[in-house]
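A.B. asks: Contents of run32.txt (compact mmCIF, C-alpha atoms and all ligand atoms) are below:
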# COMPACT_ATOMS: atom_id res chain seq x y z
CA MET I 15 -22.37 -10.01 -27.38
CA SER I 16 -21.14 -11.67 -24.17
CA SER I 17 -23.84 -12.64 -21.69
CA LYS I 18 -21.37 -12.72 -18.83
CA VAL I 19 -21.89 -10.56 -15.74
CA LYS I 20 -19.65 -7.50 -16.03
CA VAL I 21 -17.33 -6.86 -13.15
CA ALA I 22 -15.29 -3.80 -12.10
CA ILE I 23 -12.49 -3.86 -9.52
CA ILE I 24 -11.67 -0.77 -7.46
CA GLY I 25 -8.24 -1.26 -5.91
CA SER I 26 -7.26 -3.38 -8.92
CA THR I 27 -3.60 -2.42 -8.49
CA GLY I 28 -3.38 -4.02 -5.04
CA TYR I 29 -2.70 -7.66 -4.17
CA GLY I 30 -6.38 -8.46 -3.60
CA GLY I 31 -7.26 -6.74 -6.88
CA VAL I 32 -4.74 -8.61 -9.02
CA GLU I 33 -5.82 -11.88 -7.45
CA LEU I 34 -9.41 -11.08 -8.46
CA ILE I 35 -8.19 -10.43 -12.01
CA ARG I 36 -6.30 -13.76 -12.06
CA LEU I 37 -9.25 -15.81 -10.78
CA LEU I 38 -11.95 -14.07 -12.82
CA ALA I 39 -9.97 -14.63 -16.03
CA SER I 40 -11.22 -18.23 -16.03
CA HIS I 41 -14.73 -17.62 -14.64
CA PRO I 42 -17.41 -19.03 -16.95
CA ASN I 43 -20.14 -16.50 -16.04
CA ALA I 44 -18.28 -13.26 -15.21
CA GLU I 45 -15.71 -11.04 -16.91
CA VAL I 46 -13.66 -8.07 -15.75
CA THR I 47 -14.67 -5.06 -17.82
CA SER I 48 -13.08 -2.30 -15.74
CA VAL I 49 -9.96 -2.14 -13.61
CA VAL I 50 -10.04 1.00 -11.48
CA SER I 51 -7.25 2.99 -9.87
CA SER I 52 -7.37 6.15 -7.76
CA SER I 53 -3.77 7.03 -8.61
CA SER I 54 -2.90 5.67 -12.08
CA ALA I 55 -5.97 6.13 -14.31
CA GLY I 56 -5.09 6.07 -17.99
CA SER I 57 -2.07 3.81 -17.69
CA SER I 58 -1.95 0.06 -18.27
CA ILE I 59 -2.15 -2.26 -15.27
CA ALA I 60 0.68 -4.26 -16.90
CA GLU I 61 3.06 -1.36 -16.16
CA GLY I 62 2.93 -2.23 -12.48
CA TYR I 63 2.25 -5.94 -13.00
CA PRO I 64 3.96 -7.31 -16.14
CA HIS I 65 2.44 -10.74 -15.44
CA LEU I 66 -0.90 -9.18 -16.44
CA THR I 67 0.33 -8.34 -19.96
CA ASP I 68 -2.43 -9.11 -22.47
CA ILE I 69 -5.45 -9.20 -20.15
CA ARG I 70 -8.56 -7.99 -21.94
CA ALA I 71 -9.47 -4.79 -20.00
CA ASP I 72 -6.04 -3.48 -19.06
CA THR I 73 -6.33 0.32 -19.08
CA LEU I 74 -6.96 1.66 -15.60
CA ASP I 75 -10.16 3.70 -15.17
CA GLY I 76 -10.62 6.48 -12.62
CA VAL I 77 -12.88 6.24 -9.57
CA ASP I 78 -16.15 7.53 -11.05
CA ALA I 79 -19.33 5.72 -10.03
CA ALA I 80 -21.32 6.67 -13.16
CA ALA I 81 -18.49 5.62 -15.50
CA ILE I 82 -18.06 2.34 -13.62
CA ARG I 83 -21.81 1.69 -13.84
CA ALA I 84 -21.64 2.22 -17.61
CA LYS I 85 -19.16 -0.66 -17.83
CA ALA I 86 -20.18 -3.04 -15.04
CA ASP I 87 -22.99 -4.64 -13.02
CA VAL I 88 -20.96 -5.68 -9.98
CA VAL I 89 -18.01 -3.96 -8.33
CA PHE I 90 -15.42 -5.40 -5.98
CA THR I 91 -13.85 -2.86 -3.65
CA ALA I 92 -10.38 -4.18 -2.77
CA THR I 93 -9.38 -0.96 -1.07
CA PRO I 94 -7.84 0.06 2.27
CA ALA I 95 -10.09 0.47 5.31
CA GLY I 96 -12.17 3.64 5.16
CA VAL I 97 -12.48 3.82 1.36
CA ALA I 98 -15.54 1.60 0.75
CA ALA I 99 -17.32 3.25 3.69
CA LYS I 100 -17.36 6.40 1.55
CA LEU I 101 -17.64 4.87 -1.94
CA ALA I 102 -20.18 2.07 -1.59
CA PRO I 103 -23.33 4.20 -1.09
CA GLU I 104 -22.82 6.00 -4.40
CA LEU I 105 -22.00 2.76 -6.22
CA LEU I 106 -25.16 1.14 -4.83
CA GLU I 107 -27.26 4.17 -5.73
CA LYS I 108 -26.02 3.89 -9.33
CA GLY I 109 -27.37 0.32 -9.38
CA LEU I 110 -24.13 -1.62 -8.89
CA ASN I 111 -23.89 -4.57 -6.52
CA VAL I 112 -20.90 -4.18 -4.21
CA ILE I 113 -18.64 -6.87 -2.73
CA ASP I 114 -16.25 -5.20 -0.29
CA LEU I 115 -13.00 -6.93 0.68
CA SER I 116 -12.12 -4.45 3.43
CA GLY I 117 -13.34 -4.34 7.03
CA ASP I 118 -15.72 -1.41 6.44
CA TYR I 119 -18.99 -3.38 6.51
CA ARG I 120 -18.11 -6.34 8.71
CA LEU I 121 -18.85 -4.93 12.16
CA ARG I 122 -22.47 -4.17 12.97
CA SER I 123 -21.55 -1.44 15.45
CA ALA I 124 -20.20 1.83 14.06
CA GLU I 125 -18.66 2.58 17.47
CA VAL I 126 -16.79 -0.72 17.57
CA TYR I 127 -15.45 -0.01 14.04
CA ARG I 128 -14.27 3.46 15.10
CA GLU I 129 -12.53 2.00 18.15
CA TRP I 130 -10.62 -0.79 16.32
CA TYR I 131 -10.05 0.70 12.85
CA LYS I 132 -9.53 4.30 14.06
CA LYS I 133 -11.51 5.54 11.07
CA GLU I 134 -14.91 7.02 10.37
CA PRO I 135 -17.47 4.20 10.08
CA ALA I 136 -19.84 3.65 7.18
CA ASP I 137 -23.37 5.04 7.29
CA ALA I 138 -25.56 3.01 9.70
CA ARG I 139 -28.15 2.32 6.97
CA TYR I 140 -25.57 0.51 4.87
CA LEU I 141 -24.02 -1.26 7.85
CA ALA I 142 -27.48 -2.67 8.55
CA GLU I 143 -27.93 -3.74 4.93
CA ALA I 144 -24.53 -5.41 4.47
CA VAL I 145 -24.44 -9.21 4.54
CA TYR I 146 -21.39 -10.82 6.15
CA GLY I 147 -20.17 -13.27 3.53
CA LEU I 148 -18.56 -16.09 5.47
CA ALA I 149 -19.73 -18.29 2.63
CA GLU I 150 -19.95 -21.74 4.28
CA ILE I 151 -21.89 -20.35 7.24
CA TYR I 152 -24.00 -17.48 5.89
CA GLY I 153 -24.19 -18.41 2.19
CA ASP I 154 -28.01 -18.43 2.27
CA ARG I 155 -28.10 -14.79 3.31
CA VAL I 156 -25.74 -13.77 0.50
CA ARG I 157 -28.15 -14.86 -2.25
CA GLY I 158 -29.64 -11.73 -3.85
CA ALA I 159 -27.68 -9.34 -1.58
CA ARG I 160 -26.67 -5.92 -3.00
CA LEU I 161 -23.90 -5.24 -0.49
CA ILE I 162 -21.69 -8.11 0.62
CA SER I 163 -18.96 -7.72 3.20
CA ASN I 164 -16.21 -10.24 2.56
CA PRO I 165 -14.75 -11.55 5.84
CA GLY I 166 -11.20 -10.83 6.94
CA CYS I 167 -8.47 -13.31 6.13
CA TYR I 168 -7.72 -14.28 9.75
CA PRO I 169 -11.44 -14.46 10.69
CA THR I 170 -12.12 -16.78 7.74
CA ALA I 171 -9.52 -19.33 8.83
CA THR I 172 -10.37 -18.92 12.51
CA LEU I 173 -14.16 -18.97 12.35
CA LEU I 174 -14.36 -21.92 9.94
CA GLY I 175 -12.12 -23.74 12.42
CA LEU I 176 -14.19 -22.87 15.50
CA LEU I 177 -17.86 -22.44 14.61
CA PRO I 178 -19.06 -26.08 14.42
CA ALA I 179 -17.49 -26.82 17.82
CA VAL I 180 -19.02 -23.68 19.36
CA ALA I 181 -22.44 -24.23 17.75
CA GLU I 182 -22.62 -27.82 19.00
CA GLY I 183 -21.19 -27.12 22.48
CA TYR I 184 -18.09 -29.27 21.88
CA ILE I 185 -15.83 -26.58 23.37
CA ASP I 186 -16.25 -23.94 26.07
CA PRO I 187 -16.14 -20.60 24.17
CA ALA I 188 -14.78 -18.80 27.24
CA THR I 189 -11.56 -20.83 27.03
CA ILE I 190 -10.69 -20.19 23.36
CA ILE I 191 -7.19 -18.92 22.55
CA ILE I 192 -6.25 -18.21 18.93
CA ASP I 193 -2.66 -18.14 17.73
CA ALA I 194 -2.53 -17.01 14.09
CA LYS I 195 0.27 -16.55 11.55
CA SER I 196 0.21 -14.88 8.15
CA GLY I 197 2.43 -14.56 5.12
CA VAL I 198 3.48 -11.05 4.16
CA SER I 199 1.11 -10.55 1.20
CA GLY I 200 -1.58 -10.17 3.88
CA ALA I 201 -0.22 -6.68 4.46
CA GLY I 202 -0.84 -5.60 0.85
CA ARG I 203 1.63 -4.28 -1.74
CA GLY I 204 2.60 -1.08 0.01
CA ALA I 205 6.11 -1.06 1.46
CA SER I 206 6.61 -0.63 5.20
CA LEU I 207 9.37 -1.20 7.73
CA GLY I 208 7.56 -4.26 9.11
CA THR I 209 7.43 -5.95 5.71
CA HIS I 210 10.91 -4.86 4.56
CA TYR I 211 12.91 -7.94 3.43
CA SER I 212 15.79 -7.58 5.85
CA GLU I 213 13.45 -6.97 8.80
CA LEU I 214 11.36 -10.00 7.97
CA ASN I 215 13.64 -12.61 6.44
CA GLU I 216 14.78 -15.27 8.96
CA ASN I 217 12.59 -13.55 11.51
CA PHE I 218 9.27 -14.37 13.21
CA LYS I 219 7.32 -11.84 15.19
CA ALA I 220 4.01 -11.21 16.91
CA TYR I 221 2.23 -7.95 16.09
CA LYS I 222 -0.88 -5.91 17.05
CA VAL I 223 -1.17 -7.98 20.25
CA ASN I 224 -4.62 -7.41 21.84
CA LYS I 225 -5.18 -4.62 19.29
CA HIS I 226 -5.81 -6.43 16.03
CA GLN I 227 -8.85 -5.15 14.08
CA HIS I 228 -10.01 -8.72 13.47
CA ILE I 229 -10.64 -9.33 17.20
CA PRO I 230 -14.12 -7.69 17.22
CA GLU I 231 -15.03 -9.44 13.94
CA ILE I 232 -14.16 -12.86 15.38
CA GLU I 233 -15.90 -12.08 18.68
CA GLN I 234 -19.03 -10.81 16.90
CA VAL I 235 -19.50 -14.12 15.06
CA LEU I 236 -18.49 -16.31 18.03
CA SER I 237 -21.00 -14.44 20.22
CA ASP I 238 -23.78 -14.83 17.63
CA THR I 239 -23.04 -18.55 17.41
CA ALA I 240 -22.73 -19.14 21.16
CA GLY I 241 -25.81 -17.02 21.92
CA ARG I 242 -23.89 -15.07 24.58
CA PRO I 243 -20.97 -12.61 24.61
CA VAL I 244 -17.63 -14.26 23.87
CA VAL I 245 -14.25 -12.58 24.29
CA THR I 246 -11.07 -14.21 23.15
CA THR I 247 -7.30 -13.89 23.04
CA PHE I 248 -6.14 -13.58 19.42
CA THR I 249 -2.47 -13.08 18.58
CA THR I 250 -1.16 -12.54 15.06
CA HIS I 251 2.35 -13.30 13.80
CA LEU I 252 4.14 -12.40 10.59
CA VAL I 253 5.89 -15.33 8.86
CA PRO I 254 8.62 -14.84 6.24
CA MET I 255 6.60 -16.40 3.43
CA THR I 256 4.46 -14.81 0.72
CA ARG I 257 1.04 -16.49 1.03
CA GLY I 258 -0.75 -18.47 3.68
CA ILE I 259 -2.48 -18.22 7.05
CA MET I 260 -2.40 -20.78 9.80
CA SER I 261 -4.74 -20.29 12.72
CA THR I 262 -3.99 -22.60 15.66
CA MET I 263 -6.76 -22.62 18.25
CA TYR I 264 -7.00 -24.08 21.74
CA ALA I 265 -10.06 -24.65 23.92
CA THR I 266 -11.36 -26.86 26.71
CA VAL I 267 -13.50 -29.70 25.34
CA ARG I 268 -16.72 -31.17 26.71
CA GLU I 269 -15.77 -34.16 28.81
CA GLY I 270 -15.34 -37.41 26.97
CA LEU I 271 -14.98 -36.00 23.44
CA LYS I 272 -12.14 -37.35 21.35
CA THR I 273 -10.41 -36.26 18.13
CA ALA I 274 -12.65 -38.60 16.12
CA ASP I 275 -15.76 -36.82 17.48
CA PHE I 276 -14.50 -33.46 16.17
CA ILE I 277 -13.68 -34.96 12.78
CA GLU I 278 -17.14 -36.52 12.54
CA LEU I 279 -18.88 -33.27 13.57
CA TYR I 280 -16.96 -31.07 11.10
CA ARG I 281 -17.45 -33.49 8.19
CA ARG I 282 -21.19 -33.47 8.89
CA TYR I 283 -21.36 -29.67 9.42
CA TYR I 284 -19.58 -28.88 6.16
CA GLU I 285 -21.11 -31.69 4.12
CA GLY I 286 -21.58 -30.58 0.50
CA ARG I 287 -19.33 -27.54 1.00
CA ARG I 288 -16.53 -28.17 -1.41
CA PHE I 289 -14.03 -25.69 0.00
CA VAL I 290 -13.70 -27.04 3.55
CA ARG I 291 -11.61 -30.20 3.86
CA VAL I 292 -11.26 -32.02 7.18
CA ARG I 293 -8.08 -34.02 7.75
CA PRO I 294 -8.20 -37.58 9.12
CA GLU I 295 -7.02 -38.38 12.66
CA GLY I 296 -3.30 -37.84 13.18
CA VAL I 297 -2.92 -35.41 10.26
CA LEU I 298 -2.79 -31.62 10.61
CA PRO I 299 -2.86 -29.30 7.57
CA ALA I 300 0.00 -27.06 6.38
CA THR I 301 -0.29 -23.76 4.48
CA LYS I 302 1.33 -25.18 1.35
CA GLU I 303 -1.51 -27.68 1.07
CA VAL I 304 -3.94 -24.85 0.20
CA TRP I 305 -1.54 -22.53 -1.68
CA GLY I 306 -3.24 -20.67 -4.55
CA SER I 307 -6.59 -22.39 -3.87
CA ASN I 308 -9.92 -21.53 -2.27
CA TYR I 309 -9.69 -24.35 0.28
CA CYS I 310 -9.77 -24.08 4.04
CA ASP I 311 -8.24 -27.25 5.50
CA ILE I 312 -8.82 -28.14 9.15
CA GLY I 313 -7.32 -30.73 11.51
CA PHE I 314 -7.79 -31.65 15.19
CA ALA I 315 -5.91 -33.13 18.11
CA VAL I 316 -7.68 -33.62 21.46
CA ASP I 317 -5.32 -34.03 24.40
CA GLU I 318 -7.05 -36.23 26.96
CA ARG I 319 -4.37 -35.29 29.51
CA THR I 320 -5.23 -31.56 29.49
CA GLY I 321 -8.85 -31.80 28.33
CA ARG I 322 -8.09 -29.36 25.52
CA VAL I 323 -8.34 -29.56 21.75
CA THR I 324 -5.87 -28.06 19.27
CA ILE I 325 -7.58 -27.04 16.03
CA VAL I 326 -5.39 -26.09 13.05
CA SER I 327 -7.01 -24.22 10.13
CA VAL I 328 -5.14 -23.05 7.01
CA ILE I 329 -6.07 -20.90 4.01
CA ASP I 330 -4.38 -18.91 1.28
CA ASN I 331 -4.94 -15.36 2.52
CA LEU I 332 -5.34 -13.96 -1.01
CA VAL I 333 -7.76 -16.66 -2.20
CA LYS I 334 -10.09 -18.03 0.51
CA GLY I 335 -9.03 -15.07 2.69
CA ALA I 336 -9.86 -12.43 0.04
CA ALA I 337 -10.42 -12.73 -3.74
CA GLY I 338 -11.52 -16.39 -3.85
CA GLN I 339 -14.16 -16.04 -1.14
CA ALA I 340 -15.28 -12.75 -2.77
CA ILE I 341 -15.89 -14.68 -6.03
CA GLN I 342 -17.60 -17.45 -4.06
CA ASN I 343 -19.88 -14.69 -2.71
CA LEU I 344 -20.47 -13.35 -6.23
CA ASN I 345 -21.51 -16.88 -7.24
CA LEU I 346 -23.83 -17.26 -4.25
CA SER I 347 -25.36 -13.80 -4.70
CA MET I 348 -26.17 -14.65 -8.34
CA GLY I 349 -27.61 -18.05 -7.45
CA TRP I 350 -24.82 -19.88 -9.29
CA ASP I 351 -22.85 -22.91 -8.15
CA GLU I 352 -20.52 -21.47 -5.48
CA THR I 353 -17.48 -23.19 -7.02
CA LEU I 354 -17.62 -21.46 -10.45
CA GLY I 355 -14.21 -20.11 -11.41
CA LEU I 356 -12.68 -21.62 -8.27
CA ASN I 357 -12.31 -25.24 -9.26
CA PHE I 358 -8.59 -25.73 -8.99
CA ILE I 359 -6.40 -27.70 -6.65
CA PRO I 360 -3.48 -26.02 -4.83
CA ALA I 361 -0.14 -25.41 -6.55
CA TYR I 362 2.40 -27.76 -4.93
CA PRO I 363 5.21 -27.67 -3.98
N1 LIG I 401 -3.92 -8.90 1.28
C1 LIG I 401 -4.72 -9.77 1.87
O1 LIG I 401 -4.34 -10.95 2.07
C2 LIG I 401 -6.09 -9.38 2.30
C3 LIG I 401 -6.53 -8.10 2.21
N2 LIG I 401 -7.80 -7.76 2.65
C4 LIG I 401 -8.28 -6.40 2.57
O2 LIG I 401 -8.54 -6.11 1.20
C5 LIG I 401 -8.27 -4.73 0.94
C6 LIG I 401 -7.20 -4.67 -0.16
O3 LIG I 401 -6.02 -5.28 0.33
P1 LIG I 401 -4.69 -5.43 -0.51
O4 LIG I 401 -5.05 -5.66 -1.94
O5 LIG I 401 -3.84 -6.38 0.18
O6 LIG I 401 -4.09 -3.95 -0.37
P2 LIG I 401 -3.06 -3.20 -1.30
O7 LIG I 401 -2.46 -2.15 -0.44
O8 LIG I 401 -2.17 -4.15 -2.00
O9 LIG I 401 -3.99 -2.49 -2.39
C7 LIG I 401 -4.99 -1.56 -2.09
C8 LIG I 401 -5.30 -0.76 -3.36
O10 LIG I 401 -6.31 0.19 -3.04
C9 LIG I 401 -6.18 1.32 -3.90
N3 LIG I 401 -6.58 2.54 -3.19
C10 LIG I 401 -5.91 3.17 -2.18
N4 LIG I 401 -6.58 4.26 -1.78
C11 LIG I 401 -7.70 4.33 -2.56
C12 LIG I 401 -8.80 5.24 -2.64
N5 LIG I 401 -8.87 6.29 -1.82
N6 LIG I 401 -9.77 5.01 -3.55
C13 LIG I 401 -9.70 3.92 -4.37
N7 LIG I 401 -8.69 3.03 -4.35
C14 LIG I 401 -7.71 3.22 -3.45
C15 LIG I 401 -4.69 1.37 -4.29
O11 LIG I 401 -4.61 1.42 -5.68
P3 LIG I 401 -4.62 2.80 -6.53
O12 LIG I 401 -3.62 3.72 -5.90
O13 LIG I 401 -4.21 2.31 -7.89
O14 LIG I 401 -6.02 3.29 -6.47
C16 LIG I 401 -4.11 0.04 -3.85
O15 LIG I 401 -3.45 -0.64 -4.89
C17 LIG I 401 -7.81 -4.14 2.27
O16 LIG I 401 -8.89 -3.57 2.93
C18 LIG I 401 -7.29 -5.35 3.01
O17 LIG I 401 -7.27 -5.14 4.37
C19 LIG I 401 -8.66 -8.69 3.15
C20 LIG I 401 -8.27 -9.99 3.24
C21 LIG I 401 -6.94 -10.43 2.88
C1 LIG I 402 0.13 -9.75 7.46
C2 LIG I 402 -0.79 -8.57 7.73
O1 LIG I 402 -0.35 -7.48 8.02
N1 LIG I 402 -2.08 -8.80 7.62
C3 LIG I 402 -3.05 -7.76 7.81
C4 LIG I 402 -4.37 -8.24 7.34
C5 LIG I 402 -5.15 -7.00 7.02
C6 LIG I 402 -6.48 -7.17 6.54
O2 LIG I 402 -6.81 -8.02 5.76
O3 LIG I 402 -7.28 -6.25 7.04
P1 LIG I 402 -8.82 -6.13 6.99
O4 LIG I 402 -9.32 -7.54 6.87
O5 LIG I 402 -9.20 -5.51 8.25
O6 LIG I 402 -9.18 -5.37 5.79
C7 LIG I 402 -3.14 -7.35 9.29
O7 LIG I 402 -2.82 -8.14 10.15
O8 LIG I 402 -3.61 -6.23 9.55
For the file at hand, write its structure as structure tokens.
C.D. replies:
Amino acid sequence: MSSKVKVAIIGSTGYGGVELIRLLASHPNAEVTSVVSSSSAGSSIAEGYPHLTDIRADTLDGVDAAAIRAKADVVFTATPAGVAAKLAPELLEKGLNVIDLSGDYRLRSAEVYREWYKKEPADARYLAEAVYGLAEIYGDRVRGARLISNPGCYPTATLLGLLPAVAEGYIDPATIIIDAKSGVSGAGRGASLGTHYSELNENFKAYKVNKHQHIPEIEQVLSDTAGRPVVTTFTTHLVPMTRGIMSTMYATVREGLKTADFIELYRRYYEGRRFVRVRPEGVLPATKEVWGSNYCDIGFAVDERTGRVTIVSVIDNLVKGAAGQAIQNLNLSMGWDETLGLNFIPAYP
């Protein structure tokens, strides 16, 4: 009998779910034993995703906590906002560990969640229990956790790019401006006018300006790190490409600091953390350089003329921004090497 940890995926028919299936297929210590669907139980996942033909557990199970517990030890919820808020308590009570990819357990304040997500928040008891799994920063807290809240895709790229500089006082947090762009898979598989090919192709647009649900998540972590309330301007753009996020950030630097100082700080801060790569001076990362991988690549350019730094941080939204970091969190929660199942370099070109 296999000694691997058994994993179920609720929302397995979405983009985050199929990326979990792809990555877990080569995990040495975990195996997917149940793929769950709220709308297609009984059918094969390969009907909607022919590239998944021949995976081991391919028949979709219904959303039934007891039945999932009979097949699995850990469950990933890769479901739209509002779903895990309702489902996770029952899954936890049945003895499953839960790693949620949605925003339902990221914000400590139920009121703030209601305001930005326009949905009913999760129960306060579970909000208090959930551990925010920004792996390179809070990995120690994830170990042994029952309920892990996987960070948002934009916050992952943005916070990994900002936190060392904020923690060490290299930039003034009050001056931060974040300009972020995402590929279309960030919006999930569901069709909408905004992601319709002819609306998007050869087009570039800003969306959810000053209203994006990741603003309070980013501000929550920046405030914790700075030790005082931080508000920021964060603007998201949709790029006509499938995968990738680039977060470009601007802030006023402490006088005298140069690009080399930022590079030295970030290399030291992330030492031993395999998935953050800092570019040398004069080189900024591009989304294709992390495509299909769990890397977050970061580059810097201080402008001595303006006294500001430009920080560029890139990830693959479906890997480091979702399924990959969720597996990294599984690894950390189990006390395994955080890189298990994630040891691959980006696909290029
Ligand atoms: N796409 C991305 O890059 C990222 C996504 N996320 C977050 O991860 C989550 C999943 O995203 P993504 O995979 O892109 O979304 P998709 O829309 O592609 O998939 C979501 C899946 O959830 C399932 N679902 C819908 N309603 C319910 C329900 N009531 N109960 C159980 N399952 C349900 C659906 O499958 P079915 O009908 O078969 O049940 C659907 O396939 C979202 O919260 C998203 O915001 C986070 C970071 C990045
Ligand atoms: C391109 C695109 O539409 N991206 C989505 C990312 C959604 C997401 O991941 O939402 P949660 O992290 O809150 O679950 C957006 O901007 O809303």
A.B. asks: Could you check the closest approach to Leu174 in chain I for each of I:Gly28, I:Gly313, I:Pro94, I:Gly355 and tell me which residue wins, using all atoms listed in the file?
C.D. replies: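 When distances to Leu174 in chain I are compared using all atoms listed in the file, the smallest one comes from I:Gly313.
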A.B. asks: Quick one: residues within 7 Å of range 108-123 of chain I, only C-alpha atoms, excluding same-chain residues fewer than 6 positions away - as a PyMOL selection string?
C.D. replies: chain I and resi 79-80+83+87-96+98-99+102+135-136+141-142+144+146+160-166+231+336+340
A.B. asks: Taking only residues of chain I that have an atom at most 7 Å from an atom of ligand LIG 401 (chain I), what is each one's shortest atom pair and its distance in Å to one decimal, using only C-alpha atoms and all ligand atoms, in chain and number order, as CSV?
C.D. replies:
residue,atom,partner,partner_atom,distance
I:Ile24,CA,I:LIG401,N7,5.7
I:Gly25,CA,I:LIG401,O10,3.8
I:Ser26,CA,I:LIG401,O15,6.2
I:Thr27,CA,I:LIG401,O15,4.0
I:Gly28,CA,I:LIG401,O9,3.1
I:Tyr29,CA,I:LIG401,O4,3.8
I:Gly30,CA,I:LIG401,O4,3.5
I:Gly31,CA,I:LIG401,O4,5.5
I:Val50,CA,I:LIG401,O14,6.8
I:Ser51,CA,I:LIG401,O14,3.6
I:Ser52,CA,I:LIG401,O14,3.4
I:Ser53,CA,I:LIG401,O12,4.3
I:Ser54,CA,I:LIG401,O13,5.5
I:Val77,CA,I:LIG401,C13,6.5
I:Ala92,CA,I:LIG401,C6,4.1
I:Thr93,CA,I:LIG401,O10,3.8
I:Pro94,CA,I:LIG401,O16,3.8
I:Ala95,CA,I:LIG401,O16,4.8
I:Val97,CA,I:LIG401,N5,5.4
I:Leu115,CA,I:LIG401,O2,4.6
I:Ser116,CA,I:LIG401,O16,3.4
I:Gly117,CA,I:LIG401,O16,6.1
I:Gly166,CA,I:LIG401,C20,4.8
I:Cys167,CA,I:LIG401,C20,4.4
I:Ser199,CA,I:LIG401,N1,5.3
I:Gly200,CA,I:LIG401,O1,3.4
I:Ala201,CA,I:LIG401,N1,5.4
I:Gly202,CA,I:LIG401,O5,3.2
I:Arg203,CA,I:LIG401,O8,3.8
I:Gly204,CA,I:LIG401,O7,5.2
I:Asn331,CA,I:LIG401,O1,4.5
I:Leu332,CA,I:LIG401,O1,4.4
I:Gly335,CA,I:LIG401,C21,5.1
I:Ala336,CA,I:LIG401,C20,4.3
A.B. asks: As JSON, what would the box around range 331-340 of chain I look like: edges along x, y and z, 5 Å added on every side, centre and edge lengths in Å to one decimal?
C.D. replies:
{"center_x": -10.1, "center_y": -15.2, "center_z": -0.6, "size_x": 20.3, "size_y": 15.6, "size_z": 16.5}
A.B. asks: Can you tell me, as a list in words, what residues are no more than 12 Å from His251 in chain I when counting all atoms listed in the file, ignoring any on the same chain fewer than 5 positions away?
C.D. replies: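 The filter keeps Tyr168, Ile192, Asp193, Ala194, Lys195, Ser196, Gly197, Val198, Gly200, Ala201, Gly208, Leu214, Asn217, Phe218, Lys219, Ala220, Tyr221, Lys222, Val223, His226, Gly258, Ile259, Met260, Ser261 and Thr262 of chain I.
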A.B. asks: Using Å and a single decimal, report how far CA of Ala149 in chain I sits from CA of Val292 in chain I.
C.D. replies: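 Pair CA of Val292 in chain I / CA of Ala149 in chain I returns 16.8 Å.
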